[in-house]
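Student: My structure file query-v1.pdb, PDB, C-alpha atoms, pLDDT in the B column, is below:
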ATOM      1  CA  ASP A1496      -8.955 -10.153   3.928  1.00 50.00           C
ATOM      2  CA  ALA A1497      -8.498 -13.649   5.331  1.00 61.00           C
ATOM      3  CA  GLY A1498      -7.585 -14.694   1.777  1.00 92.00           C
ATOM      4  CA  ILE A1499      -4.046 -13.357   2.068  1.00 96.00           C
ATOM      5  CA  THR A1500      -1.798 -14.385   4.927  1.00 96.00           C
ATOM      6  CA  GLN A1501       1.782 -13.727   5.956  1.00 98.00           C
ATOM      7  CA  SER A1502       4.164 -15.620   8.180  1.00 97.00           C
ATOM      8  CA  PRO A1503       5.787 -15.102  10.504  1.00 97.00           C
ATOM      9  CA  ARG A1504       3.985 -12.081  11.918  1.00 97.00           C
ATOM     10  CA  TYR A1505       7.033 -11.108  13.985  1.00 97.00           C
ATOM     11  CA  LYS A1506      10.673 -11.975  13.448  1.00 97.00           C
ATOM     12  CA  ILE A1507      13.890 -10.982  15.174  1.00 98.00           C
ATOM     13  CA  THR A1508      17.140 -11.909  13.479  1.00 97.00           C
ATOM     14  CA  GLU A1509      20.785 -10.922  13.446  1.00 97.00           C
ATOM     15  CA  THR A1510      22.840  -9.094  10.867  1.00 97.00           C
ATOM     16  CA  GLY A1511      24.078 -11.414   8.135  1.00 97.00           C
ATOM     17  CA  ARG A1512      21.457 -14.112   8.566  1.00 97.00           C
ATOM     18  CA  GLN A1513      19.137 -15.231   5.806  1.00 97.00           C
ATOM     19  CA  VAL A1514      15.442 -14.641   6.434  1.00 97.00           C
ATOM     20  CA  THR A1515      12.427 -15.683   4.378  1.00 98.00           C
ATOM     21  CA  LEU A1516       9.042 -14.050   4.741  1.00 98.00           C
ATOM     22  CA  MET A1517       6.103 -16.014   3.423  1.00 98.00           C
ATOM     23  CA  CYS A1518       2.990 -14.775   1.656  1.00 98.00           C
ATOM     24  CA  HIS A1519       0.032 -16.958   0.667  1.00 97.00           C
ATOM     25  CA  GLN A1520      -3.227 -16.003  -1.056  1.00 96.00           C
ATOM     26  CA  THR A1521      -6.260 -18.155  -1.728  1.00 95.00           C
ATOM     27  CA  TRP A1522      -7.927 -15.964  -4.374  1.00 91.00           C
ATOM     28  CA  SER A1523      -5.818 -17.130  -7.337  1.00 88.00           C
ATOM     29  CA  HIS A1524      -4.907 -13.498  -7.993  1.00 92.00           C
ATOM     30  CA  SER A1525      -2.424 -13.066 -10.800  1.00 91.00           C
ATOM     31  CA  TYR A1526      -0.475 -10.184  -9.291  1.00 92.00           C
ATOM     32  CA  MET A1527       1.416 -10.206  -6.014  1.00 94.00           C
ATOM     33  CA  PHE A1528       3.525  -7.511  -4.418  1.00 95.00           C
ATOM     34  CA  TRP A1529       5.963  -6.971  -1.575  1.00 97.00           C
ATOM     35  CA  TYR A1530       6.186  -3.592   0.177  1.00 97.00           C
ATOM     36  CA  ARG A1531       8.133  -2.292   3.105  1.00 97.00           C
ATOM     37  CA  GLN A1532       6.728   0.372   5.369  1.00 96.00           C
ATOM     38  CA  ASP A1533       8.982   2.782   7.224  1.00 93.00           C
ATOM     39  CA  LEU A1534       8.098   5.954   9.055  1.00 84.00           C
ATOM     40  CA  GLY A1535       8.295   8.915   6.722  1.00 79.00           C
ATOM     41  CA  HIS A1536       8.447   6.787   3.585  1.00 83.00           C
ATOM     42  CA  GLY A1537       4.998   5.289   3.324  1.00 88.00           C
ATOM     43  CA  LEU A1538       4.796   2.035   1.394  1.00 94.00           C
ATOM     44  CA  ARG A1539       7.650   1.281  -0.973  1.00 94.00           C
ATOM     45  CA  LEU A1540       7.498  -1.500  -3.529  1.00 94.00           C
ATOM     46  CA  ILE A1541      10.277  -4.084  -3.283  1.00 96.00           C
ATOM     47  CA  TYR A1542       9.293  -6.644  -5.915  1.00 96.00           C
ATOM     48  CA  TYR A1543       6.173  -7.692  -7.736  1.00 93.00           C
ATOM     49  CA  SER A1544       4.987 -10.607  -9.813  1.00 93.00           C
ATOM     50  CA  ALA A1545       2.488 -10.654 -12.661  1.00 90.00           C
ATOM     51  CA  ALA A1546       2.112 -14.441 -12.678  1.00 91.00           C
ATOM     52  CA  ALA A1547       3.925 -17.617 -11.682  1.00 90.00           C
ATOM     53  CA  ASP A1548       7.580 -17.468 -12.732  1.00 91.00           C
ATOM     54  CA  ILE A1549       7.331 -13.769 -13.662  1.00 92.00           C
ATOM     55  CA  THR A1550       8.863 -11.272 -11.267  1.00 94.00           C
ATOM     56  CA  ASP A1551      10.158  -7.725 -11.557  1.00 93.00           C
ATOM     57  CA  LYS A1552      11.919  -5.160  -9.422  1.00 93.00           C
ATOM     58  CA  GLY A1553      10.163  -2.340  -7.668  1.00 91.00           C
ATOM     59  CA  GLU A1554      11.525   0.822  -6.104  1.00 90.00           C
ATOM     60  CA  VAL A1555      13.826  -0.725  -3.446  1.00 94.00           C
ATOM     61  CA  PRO A1556      14.888  -4.262  -4.535  1.00 96.00           C
ATOM     62  CA  ASP A1557      18.509  -4.301  -3.339  1.00 96.00           C
ATOM     63  CA  GLY A1558      19.202  -6.999  -0.751  1.00 96.00           C
ATOM     64  CA  TYR A1559      16.009  -8.928  -1.500  1.00 98.00           C
ATOM     65  CA  VAL A1560      15.193 -11.977  -3.607  1.00 97.00           C
ATOM     66  CA  VAL A1561      11.778 -13.300  -4.626  1.00 97.00           C
ATOM     67  CA  SER A1562      10.411 -16.334  -6.367  1.00 95.00           C
ATOM     68  CA  ARG A1563       6.977 -17.415  -7.531  1.00 96.00           C
ATOM     69  CA  SER A1564       6.816 -21.078  -8.452  1.00 94.00           C
ATOM     70  CA  LYS A1565       3.107 -21.276  -7.583  1.00 93.00           C
ATOM     71  CA  THR A1566       0.396 -18.663  -8.142  1.00 93.00           C
ATOM     72  CA  GLU A1567      -0.626 -18.648  -4.473  1.00 95.00           C
ATOM     73  CA  ASN A1568       2.799 -18.158  -2.898  1.00 97.00           C
ATOM     74  CA  PHE A1569       5.260 -15.287  -3.122  1.00 98.00           C
ATOM     75  CA  PRO A1570       8.142 -15.615  -0.627  1.00 98.00           C
ATOM     76  CA  LEU A1571      10.553 -12.764   0.024  1.00 98.00           C
ATOM     77  CA  THR A1572      14.112 -13.620   1.074  1.00 98.00           C
ATOM     78  CA  LEU A1573      16.673 -11.359   2.683  1.00 97.00           C
ATOM     79  CA  GLU A1574      19.878 -13.150   1.744  1.00 95.00           C
ATOM     80  CA  SER A1575      22.072 -11.385   4.314  1.00 97.00           C
ATOM     81  CA  ALA A1576      19.979  -9.215   6.602  1.00 97.00           C
ATOM     82  CA  THR A1577      21.150  -5.718   7.501  1.00 97.00           C
ATOM     83  CA  ARG A1578      19.878  -3.331  10.183  1.00 97.00           C
ATOM     84  CA  SER A1579      18.478  -1.058   7.482  1.00 96.00           C
ATOM     85  CA  GLN A1580      16.075  -3.847   6.568  1.00 97.00           C
ATOM     86  CA  THR A1581      14.336  -3.535   9.913  1.00 97.00           C
ATOM     87  CA  SER A1582      10.818  -2.667   8.818  1.00 97.00           C
ATOM     88  CA  VAL A1583       7.228  -3.825   8.507  1.00 97.00           C
ATOM     89  CA  TYR A1584       6.736  -5.883   5.370  1.00 98.00           C
ATOM     90  CA  PHE A1585       3.393  -6.152   3.612  1.00 98.00           C
ATOM     91  CA  CYS A1586       2.410  -8.554   0.903  1.00 97.00           C
ATOM     92  CA  ALA A1587      -0.471  -7.659  -1.416  1.00 96.00           C
ATOM     93  CA  SER A1588      -2.344  -9.207  -4.305  1.00 94.00           C
ATOM     94  CA  SER A1589      -4.420  -7.973  -7.221  1.00 91.00           C
ATOM     95  CA  GLU A1590      -6.722  -9.919  -9.459  1.00 86.00           C
ATOM     96  CA  ARG A1591      -5.967  -8.369 -12.844  1.00 77.00           C
ATOM     97  CA  ALA A1592      -3.708  -5.800 -14.403  1.00 67.00           C
ATOM     98  CA  ASP A1593      -6.572  -3.538 -15.353  1.00 64.00           C
ATOM     99  CA  GLN A1594      -8.401  -3.730 -12.040  1.00 63.00           C
ATOM    100  CA  GLY A1595      -5.755  -2.122  -9.886  1.00 71.00           C
ATOM    101  CA  THR A1596      -7.204  -2.818  -6.437  1.00 86.00           C
ATOM    102  CA  GLN A1597      -4.604  -4.359  -4.175  1.00 91.00           C
ATOM    103  CA  TYR A1598      -5.482  -6.322  -1.037  1.00 93.00           C
ATOM    104  CA  PHE A1599      -2.925  -6.394   1.726  1.00 96.00           C
ATOM    105  CA  GLY A1600      -1.837  -9.119   4.082  1.00 96.00           C
ATOM    106  CA  PRO A1601      -1.528  -8.486   7.848  1.00 96.00           C
ATOM    107  CA  GLY A1602       2.178  -7.661   7.686  1.00 97.00           C
ATOM    108  CA  THR A1603       5.399  -9.013   9.165  1.00 98.00           C
ATOM    109  CA  ARG A1604       7.382  -6.917  11.621  1.00 97.00           C
ATOM    110  CA  LEU A1605      11.061  -7.708  11.099  1.00 98.00           C
ATOM    111  CA  THR A1606      13.795  -6.561  13.437  1.00 97.00           C
ATOM    112  CA  VAL A1607      17.450  -7.028  12.463  1.00 97.00           C
ATOM    113  CA  LEU A1608      19.848  -6.689  15.396  1.00 96.00           C
TER     114      LEU A1608
ATOM    115  CA  GLY B 276      10.789   8.561 -11.818  1.00 69.00           C
ATOM    116  CA  GLU B 277       7.165   8.296 -10.844  1.00 80.00           C
ATOM    117  CA  ASN B 278       6.273  10.165  -7.689  1.00 89.00           C
ATOM    118  CA  VAL B 279       3.232  10.875  -5.517  1.00 94.00           C
ATOM    119  CA  GLU B 280       3.286  13.729  -3.037  1.00 96.00           C
ATOM    120  CA  GLN B 281       0.773  13.832  -0.193  1.00 97.00           C
ATOM    121  CA  HIS B 282      -0.185  16.710   2.112  1.00 97.00           C
ATOM    122  CA  PRO B 283      -0.554  17.358   4.949  1.00 97.00           C
ATOM    123  CA  SER B 284       1.495  14.793   6.838  1.00 95.00           C
ATOM    124  CA  THR B 285      -0.628  15.320   9.949  1.00 97.00           C
ATOM    125  CA  LEU B 286      -4.146  16.679  10.308  1.00 97.00           C
ATOM    126  CA  SER B 287      -6.125  17.299  13.465  1.00 97.00           C
ATOM    127  CA  VAL B 288      -9.835  18.111  13.306  1.00 97.00           C
ATOM    128  CA  GLN B 289     -12.728  18.322  15.721  1.00 97.00           C
ATOM    129  CA  GLU B 290     -15.386  15.661  15.574  1.00 97.00           C
ATOM    130  CA  GLY B 291     -18.026  16.651  13.042  1.00 97.00           C
ATOM    131  CA  ASP B 292     -15.690  18.814  10.977  1.00 97.00           C
ATOM    132  CA  SER B 293     -14.504  17.942   7.470  1.00 97.00           C
ATOM    133  CA  ALA B 294     -11.032  16.726   6.557  1.00 98.00           C
ATOM    134  CA  VAL B 295      -9.282  17.087   3.208  1.00 98.00           C
ATOM    135  CA  ILE B 296      -6.105  15.313   2.125  1.00 98.00           C
ATOM    136  CA  LYS B 297      -4.420  16.189  -1.161  1.00 98.00           C
ATOM    137  CA  CYS B 298      -2.088  14.284  -3.472  1.00 98.00           C
ATOM    138  CA  THR B 299      -0.253  15.146  -6.665  1.00 97.00           C
ATOM    139  CA  TYR B 300       1.253  12.674  -9.102  1.00 95.00           C
ATOM    140  CA  SER B 301       3.932  12.957 -11.737  1.00 93.00           C
ATOM    141  CA  ASP B 302       3.031  10.294 -14.327  1.00 90.00           C
ATOM    142  CA  SER B 303       0.449  11.754 -16.699  1.00 89.00           C
ATOM    143  CA  ALA B 304      -0.414   8.216 -17.864  1.00 88.00           C
ATOM    144  CA  SER B 305      -1.609   7.202 -14.381  1.00 90.00           C
ATOM    145  CA  ASN B 306      -5.143   5.856 -14.615  1.00 88.00           C
ATOM    146  CA  TYR B 307      -6.197   4.568 -11.196  1.00 91.00           C
ATOM    147  CA  PHE B 308      -6.108   6.323  -7.820  1.00 94.00           C
ATOM    148  CA  PRO B 309      -6.973   4.404  -4.655  1.00 95.00           C
ATOM    149  CA  TRP B 310      -7.063   5.619  -1.071  1.00 97.00           C
ATOM    150  CA  TYR B 311      -6.133   3.343   1.804  1.00 97.00           C
ATOM    151  CA  LYS B 312      -6.832   3.675   5.510  1.00 97.00           C
ATOM    152  CA  GLN B 313      -4.428   2.123   7.985  1.00 97.00           C
ATOM    153  CA  GLU B 314      -5.275   1.884  11.653  1.00 96.00           C
ATOM    154  CA  LEU B 315      -2.476   1.464  14.163  1.00 92.00           C
ATOM    155  CA  GLY B 316      -0.890  -1.965  13.866  1.00 91.00           C
ATOM    156  CA  LYS B 317      -3.228  -3.045  11.073  1.00 94.00           C
ATOM    157  CA  ARG B 318      -2.956  -3.579   7.338  1.00 96.00           C
ATOM    158  CA  PRO B 319      -3.852  -0.854   4.804  1.00 96.00           C
ATOM    159  CA  GLN B 320      -7.434  -1.228   3.630  1.00 95.00           C
ATOM    160  CA  LEU B 321      -8.992   0.271   0.528  1.00 95.00           C
ATOM    161  CA  ILE B 322     -11.672   2.836   1.352  1.00 97.00           C
ATOM    162  CA  ILE B 323     -12.375   4.412  -2.024  1.00 96.00           C
ATOM    163  CA  ASP B 324     -10.850   4.607  -5.480  1.00 94.00           C
ATOM    164  CA  ILE B 325     -11.315   6.549  -8.686  1.00 93.00           C
ATOM    165  CA  ARG B 326     -10.367   5.942 -12.289  1.00 89.00           C
ATOM    166  CA  SER B 327      -9.059   8.482 -14.736  1.00 84.00           C
ATOM    167  CA  ASN B 328     -12.326   8.722 -16.699  1.00 83.00           C
ATOM    168  CA  VAL B 329     -14.236   9.968 -13.641  1.00 82.00           C
ATOM    169  CA  GLY B 330     -13.945  13.342 -11.916  1.00 90.00           C
ATOM    170  CA  GLU B 331     -15.589  12.582  -8.589  1.00 94.00           C
ATOM    171  CA  LYS B 332     -16.803   9.609  -6.611  1.00 94.00           C
ATOM    172  CA  LYS B 333     -18.714   9.471  -3.318  1.00 96.00           C
ATOM    173  CA  ASP B 334     -19.363   6.763  -0.773  1.00 94.00           C
ATOM    174  CA  GLN B 335     -21.373   7.963   2.203  1.00 95.00           C
ATOM    175  CA  ARG B 336     -19.124  10.367   4.150  1.00 96.00           C
ATOM    176  CA  ILE B 337     -16.083  10.021   1.934  1.00 98.00           C
ATOM    177  CA  ALA B 338     -15.469  11.382  -1.541  1.00 97.00           C
ATOM    178  CA  VAL B 339     -12.552  11.606  -3.917  1.00 97.00           C
ATOM    179  CA  THR B 340     -12.036  14.213  -6.632  1.00 97.00           C
ATOM    180  CA  LEU B 341      -9.600  13.989  -9.532  1.00 96.00           C
ATOM    181  CA  ASN B 342      -8.174  16.789 -11.652  1.00 95.00           C
ATOM    182  CA  LYS B 343      -6.240  15.141 -14.487  1.00 93.00           C
ATOM    183  CA  THR B 344      -5.084  18.405 -15.978  1.00 93.00           C
ATOM    184  CA  ALA B 345      -3.433  19.486 -12.759  1.00 94.00           C
ATOM    185  CA  LYS B 346      -2.474  15.899 -11.877  1.00 95.00           C
ATOM    186  CA  HIS B 347      -3.912  16.007  -8.400  1.00 95.00           C
ATOM    187  CA  PHE B 348      -6.601  14.204  -6.454  1.00 97.00           C
ATOM    188  CA  SER B 349      -8.102  14.692  -3.022  1.00 98.00           C
ATOM    189  CA  LEU B 350      -9.882  12.749  -0.296  1.00 98.00           C
ATOM    190  CA  HIS B 351     -12.748  14.467   1.496  1.00 98.00           C
ATOM    191  CA  ILE B 352     -14.204  13.128   4.727  1.00 98.00           C
ATOM    192  CA  THR B 353     -17.290  14.876   6.056  1.00 97.00           C
ATOM    193  CA  GLU B 354     -18.789  14.708   9.546  1.00 97.00           C
ATOM    194  CA  THR B 355     -15.630  13.159  10.928  1.00 97.00           C
ATOM    195  CA  GLN B 356     -15.864  10.681  13.790  1.00 97.00           C
ATOM    196  CA  PRO B 357     -13.212   9.445  16.240  1.00 96.00           C
ATOM    197  CA  GLU B 358     -13.088   6.116  14.395  1.00 96.00           C
ATOM    198  CA  ASP B 359     -11.866   7.974  11.311  1.00 97.00           C
ATOM    199  CA  SER B 360      -8.564   8.523  13.147  1.00 97.00           C
ATOM    200  CA  ALA B 361      -5.904   6.618  11.205  1.00 97.00           C
ATOM    201  CA  VAL B 362      -3.169   7.049   8.618  1.00 97.00           C
ATOM    202  CA  TYR B 363      -4.477   7.606   5.098  1.00 98.00           C
ATOM    203  CA  PHE B 364      -2.441   6.810   2.005  1.00 97.00           C
ATOM    204  CA  CYS B 365      -3.099   7.915  -1.530  1.00 97.00           C
ATOM    205  CA  ALA B 366      -1.645   6.040  -4.494  1.00 95.00           C
ATOM    206  CA  ALA B 367      -1.438   6.282  -8.255  1.00 93.00           C
ATOM    207  CA  ARG B 368      -1.111   3.372 -10.623  1.00 90.00           C
ATOM    208  CA  SER B 369       1.538   3.648 -13.267  1.00 79.00           C
ATOM    209  CA  GLY B 370       0.010   3.855 -16.707  1.00 71.00           C
ATOM    210  CA  ALA B 371       2.394   1.247 -18.076  1.00 71.00           C
ATOM    211  CA  THR B 372       2.275  -1.375 -15.307  1.00 72.00           C
ATOM    212  CA  ASN B 373       0.107  -2.533 -12.436  1.00 70.00           C
ATOM    213  CA  LYS B 374       2.393  -0.920  -9.872  1.00 84.00           C
ATOM    214  CA  LEU B 375       1.004   1.482  -7.304  1.00 89.00           C
ATOM    215  CA  ILE B 376       3.096   4.439  -6.204  1.00 90.00           C
ATOM    216  CA  PHE B 377       2.102   5.502  -2.688  1.00 92.00           C
ATOM    217  CA  GLY B 378       2.185   8.857  -1.002  1.00 94.00           C
ATOM    218  CA  THR B 379       3.909   9.141   2.369  1.00 93.00           C
ATOM    219  CA  GLY B 380       0.682   9.144   4.350  1.00 95.00           C
ATOM    220  CA  THR B 381      -1.432  11.545   6.439  1.00 97.00           C
ATOM    221  CA  LEU B 382      -2.041  10.946  10.121  1.00 96.00           C
ATOM    222  CA  LEU B 383      -5.602  12.090  10.787  1.00 98.00           C
ATOM    223  CA  ALA B 384      -6.612  12.689  14.388  1.00 97.00           C
ATOM    224  CA  VAL B 385     -10.272  13.377  15.105  1.00 97.00           C
ATOM    225  CA  GLN B 386     -10.680  15.017  18.482  1.00 94.00           C
ATOM    226  CA  PRO B 387     -13.925  14.157  20.316  1.00 91.00           C
TER     227      PRO B 387
END
Would you give me this structure, written as structure tokens?
Tutor:
Amino acid sequence: DAGITQSPRYKITETGRQVTLMCHQTWSHSYMFWYRQDLGHGLRLIYYSAAADITDKGEVPDGYVVSRSKTENFPLTLESATRSQTSVYFCASSERADQGTQYFGPGTRLTVL
Amino acid sequence: GENVEQHPSTLSVQEGDSAVIKCTYSDSASNYFPWYKQELGKRPQLIIDIRSNVGEKKDQRIAVTLNKTAKHFSLHITETQPEDSAVYFCAARSGATNKLIFGTGTLLAVQP
């Protein structure tokens, strides 16, 4: 579990500000994912990446931007934060497409005022 | 679109009793079904998983069963203990991608 980290762990920001959440993994996993967790909705996929420079939308991508210039990093940016983006954000990684098992980071609790 | 339904949303059992959580999925091409346990304030952690070519898998007190025809799978916890109290999530992997679709979670409370 120590192989995947997120920063910051807690963040308070204001509506309209840009926020970037960082995710770093040391396993050289090909796949990385961003989820948001809200009460009553479980874990919803925002974006995912199959490899460096390859990203794709998940279930709830609006308002978010991702990039993956290096295999180990997968930052998530909220370009103009809204109150509805207040949530707990989890990053995850998976070694191969056929393996399936995803390992989660510790999460970032984001509050948008 | 792809969907996973999970029931019940809350479950309270006495210590030592069994607990069963059920999930149904919509994508018939789904081929991998993990279960995650999430303790309060912690990250989801994989506790058991099953692939579409297997009907049942056990690991000590936990087991998962899969019925591909009916498109449902279940988590069984026997001899429950207070430390089993947590939120449990089921998920199904899309047959076409490596994306997991999660259920909405079950809050399990084991009463001592």
Student: Applying 10 Å and all atoms listed in the file, which residues near segment 1503-1510 of chain A remain after dropping the ones on its own chain fewer than 5 positions away? List them as a ChimeraX atom specification.
Tutor: /A:1515-1518,1575-1581,1583-1584,1601-1608
Student: Please measure the separation of atom CA of Asn373 of chain B and atom CA of Asp1557 of chain A, giving the value in Å to one decimal.
Tutor: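 Atom CA of Asp1557 of chain A lies 20.6 Å from atom CA of Asn373 of chain B.
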Student: Which residues are close to segment 284-293 of chain B, i.e. within 7 Å by all atoms listed in the file, leaving aside same-chain residues fewer than 6 positions away? Reply as a list in words.
Tutor: Ile352, Thr353, Glu354, Thr355, Gln356, Pro357, Gly380, Thr381, Leu382, Leu383, Ala384, Val385, Gln386 and Pro387 of chain B
Student: Find the smallest box with edges along x, y and z containing every listed atom of segment 1559-1573 of chain A, then add 6 Å on each side and report centre and edge lengths in Å to one decimal, as AutoDock Vina command-line options.
Tutor:
--center_x 8.0 --center_y -15.1 --center_z -2.9 --size_x 29.3 --size_y 24.3 --size_z 23.1
Student: Tell me the residues of chain B close to chain A, meaning within 7 Å using only C-alpha atoms, as a VMD selection string.
Tutor: chain B and resid 307 317 to 319 373 377 to 380
Student: Can you measure atom CA of Asn1568 of chain A to atom CA of Gln1520 of chain A for me? One decimal in Å is fine.
Tutor: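 Taking atom CA of Asn1568 of chain A and atom CA of Gln1520 of chain A, their separation equals 6.7 Å.
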Student: One number please: atom CA of Arg336 of chain B to atom CA of Gln281 of chain B, in Å, one decimal.
Tutor: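 Result for atom CA of Arg336 of chain B versus atom CA of Gln281 of chain B: 20.7 Å, one decimal.
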Student: Need the shell around Leu315 of chain B: protein/DNA/RNA residues with any atom at most 10 Å away, counting all atoms listed in the file. Skip same-chain ones fewer than 5 positions apart. Format as a list of chain:residue names?
Tutor: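 Here the answer would be B:Ser360, B:Ala361, B:Val362.
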Student: When you count only C-alpha atoms, which of these residues is closest to Asp334 of chain B: B:Ser369, B:Cys298, B:Asp359, B:Leu350?
Tutor: B:Leu350
Student: Name the residues within 6 Å of (5.0, 8.2, -11.0), counting all atoms listed in the file in the file's coordinates, and put them as JSON, numbers by chain.
Tutor: {"B": [276, 277, 278, 301, 302]}
Student: Once the PyMOL selection byres ((chain B and resi 310) around 8) has been applied to the shown file, what residues remain in the selection, as a PDB file with C-alpha atoms, in the frame of the given file?
Tutor:
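expr-v8.pdb was written with the following content:
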ATOM      1  CA  PHE B 308      -6.108   6.323  -7.820  1.00 94.00           C
ATOM      2  CA  PRO B 309      -6.973   4.404  -4.655  1.00 95.00           C
ATOM      3  CA  TYR B 311      -6.133   3.343   1.804  1.00 97.00           C
ATOM      4  CA  LYS B 312      -6.832   3.675   5.510  1.00 97.00           C
ATOM      5  CA  LEU B 321      -8.992   0.271   0.528  1.00 95.00           C
ATOM      6  CA  ILE B 322     -11.672   2.836   1.352  1.00 97.00           C
ATOM      7  CA  ILE B 323     -12.375   4.412  -2.024  1.00 96.00           C
ATOM      8  CA  ASP B 324     -10.850   4.607  -5.480  1.00 94.00           C
ATOM      9  CA  LEU B 350      -9.882  12.749  -0.296  1.00 98.00           C
ATOM     10  CA  TYR B 363      -4.477   7.606   5.098  1.00 98.00           C
ATOM     11  CA  PHE B 364      -2.441   6.810   2.005  1.00 97.00           C
ATOM     12  CA  CYS B 365      -3.099   7.915  -1.530  1.00 97.00           C
ATOM     13  CA  ALA B 366      -1.645   6.040  -4.494  1.00 95.00           C
TER      14      ALA B 366
END
Student: From the list A:Val1555, A:Ile1499, A:Val1560, A:Ile1541, which residue is nearest Val1514 of chain A when using all atoms listed in the file?
Tutor: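 Closest to Val1514 of chain A, using all atoms listed in the file: A:Val1560.
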Student: List, as a list in words, every residue that the PyMOL selection byres ((chain B and resi 303) around 12) selects in the file provided.
Tutor: Gly276, Glu277, Asn278, Val279, Thr299, Tyr300, Ser301, Asp302, Ala304, Ser305, Asn306, Tyr307, Ser327, Asn342, Lys343, Thr344, Ala345, Lys346, His347, Ala367, Arg368, Ser369, Gly370 and Ala371 of chain B
